[in-house]
Structures are given as C-alpha cells and as structure tokens.
Amino acid sequence: MNQLKIGKFLKELRTEKNLTQEQLAESLNVSRRTVSRWETGFNLPDLDILVIMSDFYQVDLRELFDGERRNEKMDKEMRDTVIKVAQYSKEEKKRAAKVVLVFFVLGIVSLFANVAMRMMDLRETFMSGFADGVTIGVAIGSMVLGILYVSGAMLKVQAFKRRLLGLDK
C-alpha cells in the first residue's frame, strides 16, 4: 500500500465534501492532527475507521486501500470480512490494553509498598530485606513486561517459545 497515495486520496475525498480537517475529525471522533497525519501519509486509519470512511464518502474499501477510484463496487463478502477483521483488531487492542494496565498497576502497587516499608523504618532482618527485594523486583519486572508487551517484543518471545516447543508446525 502506498500511504502517500492513500493520504492524497483521503484529502481529495474530504475536500469534495467541502469539509475541513477539523469537521471530519469531529465526525470520526479523532483529532484534527490525526486527520492531518492520514492525509500526509504519515499514518493510516484503523480498519474500523476505514469502513466508516468508506460509507461516509460512498467509496469502495478497495478504492481507499488503493488510493484511487474504481468503477466496480465492493462485494458484500469482502466488506463483511474487513468488518470482522476490524472488530477482531479492536478486541485485541482492548485485551492488550488490559494486560498492560495490569502490569503497570502491579508495578506501581509494588513501588508504593516498598516506599511504605522504607517509611516505617523497619528493623533490618532477613524478612524485611526479602520484602524490600521482592517489591522492587516485582515493580521492575512488571514494568519491563509491560514495555515488552506494548512494543510487540512479547509476541516475538511467544512465537520463539512455540517454535522451540514444536507447537507451530
């Protein structure tokens, strides 16, 4: 896909409707900056927004993907498939956001627990040292896991693990 070509086409469609970037952004519940990034080819809209734009501009989804008009109309099967993929993508993003939230909340709670223990000025014993180490370790570990998950590195680790175990054949 040529992002610049798609961006120019999106701008062309918007100007045909005599809309400003601000007006389009408001109708799609995104920022004006997001619309600008689409039109300059810096980013592309998510699939669910592309489906909405297809209806809004009354163009075929393939036309949006190609960045130019075509004469043929999109068949219902392709449209349904794209909608299902968009819904799946949306659900995956929600699930990923929940996982990352759990990692970071766990990290923050561990840091607060560590700070609270230090403020209580506990006597240095094996257990207080152990608790200190565990809370710091859990905080750092959950934040690192959150970063790995957000960056997509966790998916690569999981794929590598599946290959090692012979689960992907």
# chains A, B, ... in the order shown; residues from 1 in each chain; ligands from 1

call {"tool": "closest_atom_pairs", "arguments": {"of": "stretch 94-139 of chain A", "to": "stretch 145-159 of chain A", "cutoff": "10 Å", "atoms": "only C-alpha atoms", "output": "Markdown table"}}
result
| residue | atom | partner | partner_atom | distance |
| --- | --- | --- | --- | --- |
| A:Ala96 | CA | A:Val150 | CA | 7.8 |
| A:Ala97 | CA | A:Val150 | CA | 8.5 |
| A:Val99 | CA | A:Gly146 | CA | 7.8 |
| A:Val100 | CA | A:Gly146 | CA | 5.1 |
| A:Leu101 | CA | A:Gly146 | CA | 8.0 |
| A:Val102 | CA | A:Gly146 | CA | 8.5 |
| A:Phe103 | CA | A:Gly146 | CA | 5.5 |
| A:Phe104 | CA | A:Gly146 | CA | 6.5 |
| A:Gly107 | CA | A:Gly146 | CA | 9.3 |

call {"tool": "select_by_dssp", "arguments": {"residues": "chain A", "states": "alpha helix (DSSP H)", "output": "PyMOL selection string"}}
result
chain A and resi 3-16+21-28+32-39+47-57+61-66+76-119+126-151+153-165
